[in-house]
Amino acid sequence: MPLEATARIVSELTSRGYNAEREAVTLLASADDPQAALERVVEDLPEDALVVRTDHVDAALAAAPAANPAAGDGSAPDTERATDESAAGSALDTSLGDDDRGADASPDATEDPSISTGGQSADHGATGGNTPVETKGGVTVERSVDPELRSLEIAGDMTGESTGTGEYEDFVSVFRDRLERVGSKLRGRINHRPASAIQSMPGGDDVAMVGLVNDIRSTASGHWLIELEDATGTFPWLVMKDREYVDLVDELLCDEVLAMEGTLADDSGIAFVDSMYFPDIPRTHEPSTADRHVQAALISDIHVGSEEFMADAWNAFADWLHTEQAQHVEYLLIAGDMVEGVGVYPNQDEELDIVDIYEQYEAFNEYLKKVPGDLEIVMIPGNHDAVRLAEPQPGFDEELRAIMSAHDPRIVSNPSTVTLEGVSVLMYHGVSLDEVIAELPEEKASYDDPHKAMYQLLKKRHVAPQFGGHTRLAPEEEDYLVIDEVPDIFHTGHVHKLGFGKYHNVLAINSGCWQAQTDFQKSVNIDPDAGYAPIVDLDTLDVTVQKFS
């Protein structure tokens with residue numbers, strides 16, 4: 001059946017205030033007169049019905065007069081539909097030449113040929129200049145998914161758990177929790193001592209310490225002075241400019257947890273660094289995979305309400321999800337910024353197509369209705385959404401949840417960990433990526449290769465380590481931004497750039513956006529990767545990128 005027919009039926013039902021089961025839409029599209037069948041179904045629906053179900057369509061079609069064949073033709077009405085049409089959409093051809101593929105300077109990054117988007121390398125950045133996916137003439141398919149095969153669990157959702165009051169004690173509590181939990185990943189690797197004990201040790205002794213990076217500064221001689229802080233005090237560590245690990249200083253952010261080993265100076269007032277350790281992802285990490293072939297679409301930054309929201313690209317994506325090529329896509333993960341928001345950046349009101357925040361969410365909900373109703377959907381907020389800006393961000397309030405009710409999505413906090421059939425996905429919107437990219441050298445973190453900035457967060461075992469910068473952080477009794485358990489997939493958005501790769505076998509994906517370049521982005525020289533949908537095979541962790549713009 002033509003894809004356009006199903007899209008028209010979904011649009012018509014949506015305009016009348018109804019949602020619909022996938023099978024119900026298929027039955028309507030297969031009717032001899034889909035429009036007449038739709039009218040009969042709507043007329044016969046119970047008054048309290050909100051969803052058009054298969055039994056509603058069956059009853060309406062059964063009560064309809066039989067269609068008459070053409071005069072003199074004894075054949076039955078034509079109910080067969082072509083099933084050999086080309087499925088809408090195709091894997092994006094992102095084969096890159098050596099000059100186009102950004103070489104990963106990090107020795108910890110893994111080139112993994114299992115990641116494939118038409119033959120490209122595992123570690124890639126923006127993929128502009130490729131042929132857009134064609135979405136016309138695709139075959140709409142029945143999904144024969146047994147719900148019993150699905151498994152979706154949420155961990156780390158702090159919605160409703162916020163205890164922060166902004167008092168001094170809250171800040172002390174969150175940093176103590178960070179030091180304890182992240183530090184526990186380091187203490188077994190060194191013979192650590194608290195700062196107060198090191199201060200009383202004799203000069204020349206070997207020492208080691210786990211602490212928060214309190215200060216980073218260079219000396220007149222070109223060396224680096226790193227001040228570590230723990231619960232007992234602070235102690236300075238000197239990194240000599242001619243040591244092989246001095247390049248690691250470029251990766252440091254204030255407030256991250258670090259371990260250092262070295263030798264005390266003769267006067268015991270400073271330690272010379274011999275070794276530096278990050279909490280990091282174990283090199284031996286083996287990711288979990290699903291027991292069957294099932295896929296998840298990872299997207300973010302839809303920005304409904306903006307004049308630059310790409311409605312046509314979104315509709316093409318939604319149409320593609322109804323086709324045979326997408327029949328294994330059973331999960332949709334949205335990493336924040338469902339709407340454009342109001343007052344997020346200077347003069348934003350001049351770029352808004354919808355100026356009321358609640359109307360923006362209502363419009364987003366209408367677009368969400370266009371994806372298949374049998375998808376499992378998980379959403380977290382972003383910095384453009386109507387929640388507090390400080391991270392962690394609780395999930396939306398009840399009023400907004402009621403608005404965004406299409407297909408009954410799971411709405412959880414930013415960040416949260418979603419486990420899909422055994423595969424854990426750490427979802428984080430990604431505001432701290434701006435800070436990482438600004439602070440670190442370009443070869444280690446850049447907008448063109450956003451996944452490399454994600455590697456740094458994995459290495460630090462914290463999604464937003466630096467406090468007091470551009471990233472607003474809320475003090476809580478517990479630091480919800482610590483990466484306690486190693487995820488199998490790390491999914492972010494925010495920077496509007498597409499990039500993915502593997503770091504110590506963790507698949508890191510930044511999923512681009514659905515918003516064309518705004519005037520504000522032009523002013524800060526951001527050229528977005530818009531209209532992309534990374535599709536992950538949960539049984540292999542291979543990636544295919546679909547482009548709809």
# chains A, B, ... in the order shown; residues from 1 in each chain; ligands from 1
call {"tool": "residues_around", "arguments": {"residues": "Leu179 of chain A", "least_positions_apart": "5", "cutoff": "9 Å", "atoms": "only C-alpha atoms", "output": "PDB file with C-alpha atoms, in the first residue's frame"}}
result
ATOM      1  CA  VAL A 174      27.525  16.619  46.627  1.00  0.00           C
ATOM      2  CA  SER A 184      36.634   4.394  44.950  1.00  0.00           C
ATOM      3  CA  VAL A 210      43.116  10.781  45.457  1.00  0.00           C
ATOM      4  CA  GLY A 211      41.341  14.119  45.300  1.00  0.00           C
ATOM      5  CA  LEU A 212      39.320  16.679  43.436  1.00  0.00           C
ATOM      6  CA  ASP A 230      40.098  15.796  49.687  1.00  0.00           C
ATOM      7  CA  ALA A 231      37.989  15.838  52.841  1.00  0.00           C
ATOM      8  CA  GLU A 256      37.184  16.153  38.443  1.00  0.00           C
ATOM      9  CA  VAL A 257      38.517  13.309  40.580  1.00  0.00           C
TER      10      VAL A 257
END
call {"tool": "residues_around", "arguments": {"residues": "segment 345-358 of chain A", "least_positions_apart": "4", "cutoff": "10 Å", "atoms": "only C-alpha atoms", "output": "mmCIF file with N, CA and C atoms, in the first residue's frame"}}
result
data_model
loop_
_atom_site.group_PDB
_atom_site.id
_atom_site.type_symbol
_atom_site.label_atom_id
_atom_site.label_comp_id
_atom_site.auth_asym_id
_atom_site.auth_seq_id
_atom_site.Cartn_x
_atom_site.Cartn_y
_atom_site.Cartn_z
ATOM 1 N N VAL A 304 10.919 21.746 18.165
ATOM 2 C CA VAL A 304 9.616 22.180 17.652
ATOM 3 C C VAL A 304 9.298 23.558 18.235
ATOM 4 N N GLY A 305 8.791 24.438 17.404
ATOM 5 C CA GLY A 305 8.508 25.808 17.820
ATOM 6 C C GLY A 305 9.463 26.805 17.209
ATOM 7 N N SER A 306 10.625 26.332 16.754
ATOM 8 C CA SER A 306 11.574 27.187 16.065
ATOM 9 C C SER A 306 11.155 27.355 14.612
ATOM 10 N N GLU A 307 11.435 28.517 14.041
ATOM 11 C CA GLU A 307 11.204 28.712 12.615
ATOM 12 C C GLU A 307 12.081 27.778 11.786
ATOM 13 N N GLU A 308 13.171 27.306 12.384
ATOM 14 C CA GLU A 308 14.091 26.435 11.659
ATOM 15 C C GLU A 308 13.834 24.949 11.926
ATOM 16 N N PHE A 309 12.779 24.618 12.681
ATOM 17 C CA PHE A 309 12.437 23.207 12.866
ATOM 18 C C PHE A 309 12.158 22.585 11.505
ATOM 19 N N VAL A 339 11.501 20.848 22.345
ATOM 20 C CA VAL A 339 10.983 22.118 21.812
ATOM 21 C C VAL A 339 12.083 23.164 21.827
ATOM 22 N N GLU A 340 11.800 24.292 21.163
ATOM 23 C CA GLU A 340 12.764 25.378 21.092
ATOM 24 C C GLU A 340 12.834 26.160 22.389
ATOM 25 N N GLY A 341 11.720 26.198 23.152
ATOM 26 C CA GLY A 341 11.718 26.943 24.394
ATOM 27 C C GLY A 341 11.544 28.435 24.161
ATOM 28 N N GLU A 362 2.522 21.001 22.675
ATOM 29 C CA GLU A 362 1.362 20.420 21.993
ATOM 30 C C GLU A 362 1.710 20.088 20.541
ATOM 31 N N ALA A 363 2.448 20.983 19.892
ATOM 32 C CA ALA A 363 2.864 20.719 18.515
ATOM 33 C C ALA A 363 3.834 19.540 18.460
ATOM 34 N N PHE A 364 4.780 19.487 19.424
ATOM 35 C CA PHE A 364 5.687 18.339 19.468
ATOM 36 C C PHE A 364 4.918 17.042 19.611
ATOM 37 N N HIS A 384 16.772 23.517 26.522
ATOM 38 C CA HIS A 384 15.698 24.316 25.917
ATOM 39 C C HIS A 384 14.333 23.932 26.466
ATOM 40 N N ASP A 385 14.261 22.851 27.222
ATOM 41 C CA ASP A 385 12.970 22.371 27.711
ATOM 42 C C ASP A 385 12.541 23.109 28.976
ATOM 43 N N ALA A 386 11.257 22.981 29.286
ATOM 44 C CA ALA A 386 10.661 23.727 30.404
ATOM 45 C C ALA A 386 10.849 22.979 31.720
ATOM 46 N N GLU A 399 1.843 18.466 34.194
ATOM 47 C CA GLU A 399 1.112 19.176 33.144
ATOM 48 C C GLU A 399 1.750 18.929 31.781
ATOM 49 N N LEU A 400 3.067 19.008 31.710
ATOM 50 C CA LEU A 400 3.744 18.772 30.439
ATOM 51 C C LEU A 400 3.718 17.303 30.059
ATOM 52 N N ILE A 403 0.580 16.664 28.309
ATOM 53 C CA ILE A 403 0.589 17.164 26.930
ATOM 54 C C ILE A 403 1.343 16.201 26.023
ATOM 55 N N THR A 518 20.314 28.374 12.840
ATOM 56 C CA THR A 518 19.661 29.599 13.288
ATOM 57 C C THR A 518 20.637 30.764 13.169
ATOM 58 N N ASP A 519 20.097 31.976 13.278
ATOM 59 C CA ASP A 519 20.965 33.161 13.243
ATOM 60 C C ASP A 519 21.962 33.135 14.393
ATOM 61 N N PHE A 520 21.506 32.668 15.552
ATOM 62 C CA PHE A 520 22.414 32.584 16.693
ATOM 63 C C PHE A 520 23.560 31.611 16.395
#
call {"tool": "closest_residue", "arguments": {"among": "A:Pro287, A:Gly382, A:Pro194, A:Pro372", "to": "Ala326 of chain A", "atoms": "only C-alpha atoms"}}
result
A:Pro372
call {"tool": "select_by_dssp", "arguments": {"residues": "segment 374-519 of chain A", "states": "alpha helix (DSSP H)", "output": "list in words"}}
result
Glu398, Glu399, Leu400, Arg401, Ala402, Ile403, Ser432, Leu433, Asp434, Glu435, Val436, Ile437, Ala438, Glu439, Pro450, His451, Lys452, Ala453, Met454, Tyr455, Gln456, Leu457, Leu458, Lys459, Lys460 and Asp519 of chain A
call {"tool": "write_last_selection", "arguments": {"atoms": "C-alpha atoms", "output": "PDB file, in the first residue's frame"}}
result
ATOM      1  CA  GLU A 398       2.628  16.454  35.326  1.00  0.00           C
ATOM      2  CA  GLU A 399       1.112  19.176  33.144  1.00  0.00           C
ATOM      3  CA  LEU A 400       3.744  18.772  30.439  1.00  0.00           C
ATOM      4  CA  ARG A 401       3.675  14.985  30.745  1.00  0.00           C
ATOM      5  CA  ALA A 402      -0.055  15.097  30.062  1.00  0.00           C
ATOM      6  CA  ILE A 403       0.589  17.164  26.930  1.00  0.00           C
ATOM      7  CA  SER A 432      28.807  20.053  29.508  1.00  0.00           C
ATOM      8  CA  LEU A 433      30.198  19.191  26.067  1.00  0.00           C
ATOM      9  CA  ASP A 434      30.402  22.943  25.392  1.00  0.00           C
ATOM     10  CA  GLU A 435      32.678  23.293  28.396  1.00  0.00           C
ATOM     11  CA  VAL A 436      34.837  20.302  27.512  1.00  0.00           C
ATOM     12  CA  ILE A 437      35.280  21.568  23.947  1.00  0.00           C
ATOM     13  CA  ALA A 438      36.125  25.068  25.170  1.00  0.00           C
ATOM     14  CA  GLU A 439      38.679  23.906  27.767  1.00  0.00           C
ATOM     15  CA  PRO A 450      31.650  15.605  19.418  1.00  0.00           C
ATOM     16  CA  HIS A 451      32.131  11.956  20.343  1.00  0.00           C
ATOM     17  CA  LYS A 452      35.740  12.703  21.312  1.00  0.00           C
ATOM     18  CA  ALA A 453      34.485  15.148  23.928  1.00  0.00           C
ATOM     19  CA  MET A 454      32.214  12.335  25.117  1.00  0.00           C
ATOM     20  CA  TYR A 455      35.284  10.110  25.487  1.00  0.00           C
ATOM     21  CA  GLN A 456      36.618  12.639  27.989  1.00  0.00           C
ATOM     22  CA  LEU A 457      33.468  12.400  30.111  1.00  0.00           C
ATOM     23  CA  LEU A 458      33.737   8.596  30.084  1.00  0.00           C
ATOM     24  CA  LYS A 459      37.390   8.858  31.073  1.00  0.00           C
ATOM     25  CA  LYS A 460      36.464  11.125  33.995  1.00  0.00           C
ATOM     26  CA  ASP A 519      20.965  33.161  13.243  1.00  0.00           C
TER      27      ASP A 519
END
call {"tool": "atom_distance", "arguments": {"atom1": "atom CA of Phe171 of chain A", "atom2": "atom CA of Leu481 of chain A"}}
result
13.9 Å
call {"tool": "closest_residue", "arguments": {"among": "A:His407, A:His504, A:Arg292, A:Lys370", "to": "Asn315 of chain A", "atoms": "only C-alpha atoms"}}
result
A:Lys370
call {"tool": "select_by_dssp", "arguments": {"residues": "segment 351-509 of chain A", "states": "strand (DSSP E)", "output": "CSV table (one decimal) with N, CA and C atoms, in the first residue's frame"}}
result
chain,number,residue,atom,x,y,z
A,376,GLU,N,8.6,1.7,21.7
A,376,GLU,CA,8.9,2.1,23.1
A,376,GLU,C,9.7,3.4,23.1
A,377,ILE,N,9.2,4.5,23.7
A,377,ILE,CA,9.8,5.8,23.6
A,377,ILE,C,10.3,6.2,25.0
A,378,VAL,N,11.6,6.7,25.1
A,378,VAL,CA,12.1,7.2,26.3
A,378,VAL,C,12.6,8.6,26.0
A,379,MET,N,12.3,9.6,26.8
A,379,MET,CA,12.7,11.0,26.6
A,379,MET,C,13.3,11.6,27.9
A,380,ILE,N,14.4,12.4,27.7
A,380,ILE,CA,14.9,13.1,28.8
A,380,ILE,C,14.9,14.6,28.4
A,410,ARG,N,8.1,7.0,28.1
A,410,ARG,CA,8.8,7.1,29.4
A,410,ARG,C,9.5,8.4,29.5
A,411,ILE,N,9.2,9.3,30.5
A,411,ILE,CA,9.9,10.6,30.6
A,411,ILE,C,10.7,10.5,31.9
A,416,SER,N,19.9,9.8,32.7
A,416,SER,CA,19.3,8.6,33.2
A,416,SER,C,19.9,7.4,32.4
A,417,THR,N,19.9,6.2,32.9
A,417,THR,CA,20.4,5.0,32.2
A,417,THR,C,19.2,4.2,31.9
A,418,VAL,N,19.0,3.9,30.6
A,418,VAL,CA,18.0,3.0,30.1
A,418,VAL,C,18.6,1.7,29.6
A,419,THR,N,18.1,0.6,30.1
A,419,THR,CA,18.5,-0.7,29.7
A,419,THR,C,17.5,-1.4,28.8
A,420,LEU,N,17.9,-1.6,27.5
A,420,LEU,CA,17.1,-2.2,26.5
A,420,LEU,C,17.5,-3.6,26.2
A,423,VAL,N,21.0,-4.1,27.1
A,423,VAL,CA,22.0,-3.2,26.6
A,423,VAL,C,21.8,-1.8,27.4
A,424,SER,N,22.7,-1.4,28.2
A,424,SER,CA,22.5,-0.2,29.0
A,424,SER,C,22.9,1.1,28.1
A,425,VAL,N,22.1,2.1,28.1
A,425,VAL,CA,22.3,3.3,27.4
A,425,VAL,C,22.2,4.5,28.4
A,426,LEU,N,23.4,5.1,28.6
A,426,LEU,CA,23.4,6.3,29.4
A,426,LEU,C,23.0,7.5,28.6
A,427,MET,N,21.8,8.1,28.9
A,427,MET,CA,21.3,9.2,28.2
A,427,MET,C,21.6,10.5,28.9
A,489,ILE,N,26.3,2.0,25.8
A,489,ILE,CA,26.1,3.1,24.8
A,489,ILE,C,26.0,4.4,25.6
A,490,PHE,N,26.7,5.4,25.2
A,490,PHE,CA,26.6,6.7,25.8
A,490,PHE,C,26.0,7.6,24.7
A,491,HIS,N,24.8,8.2,25.0
A,491,HIS,CA,24.0,8.9,24.0
A,491,HIS,C,23.8,10.4,24.4
A,492,THR,N,24.3,11.3,23.6
A,492,THR,CA,24.1,12.7,24.0
A,492,THR,C,23.6,13.5,22.7
A,498,LEU,N,26.7,15.6,14.5
A,498,LEU,CA,26.7,14.1,14.4
A,498,LEU,C,28.1,13.5,14.5
A,499,GLY,N,28.3,12.6,15.4
A,499,GLY,CA,29.5,11.9,15.5
A,499,GLY,C,29.4,10.7,16.4
A,500,PHE,N,30.1,9.6,16.1
A,500,PHE,CA,30.1,8.5,17.0
A,500,PHE,C,31.4,7.7,16.8
A,501,GLY,N,31.7,6.9,17.8
A,501,GLY,CA,32.9,6.0,17.8
A,501,GLY,C,32.9,5.2,19.1
A,502,LYS,N,33.9,4.4,19.3
A,502,LYS,CA,34.0,3.5,20.4
A,502,LYS,C,35.2,3.9,21.3
A,503,TYR,N,34.9,4.0,22.6
A,503,TYR,CA,36.0,4.2,23.6
A,503,TYR,C,36.0,3.1,24.6
A,506,VAL,N,32.9,1.2,24.6
A,506,VAL,CA,31.6,1.9,24.9
A,506,VAL,C,31.3,2.7,23.6
A,507,LEU,N,30.1,2.4,23.1
A,507,LEU,CA,29.7,3.2,21.9
A,507,LEU,C,29.2,4.5,22.3
A,508,ALA,N,29.9,5.6,21.8
A,508,ALA,CA,29.5,7.0,22.1
A,508,ALA,C,28.8,7.6,20.8
A,509,ILE,N,27.6,8.1,21.0
A,509,ILE,CA,26.9,8.7,19.9
A,509,ILE,C,26.4,10.1,20.2
call {"tool": "atom_distance", "arguments": {"atom1": "atom CA of Glu23 of chain A", "atom2": "atom CA of Thr54 of chain A"}}
result
6.1 Å
call {"tool": "closest_residue", "arguments": {"among": "A:Gly430, A:Gly395, A:Pro415, A:Pro202", "to": "Thr471 of chain A", "atoms": "only C-alpha atoms"}}
result
A:Gly430
call {"tool": "atom_distance", "arguments": {"atom1": "atom CA of Leu298 of chain A", "atom2": "atom CA of Ala533 of chain A"}}
result
6.4 Å
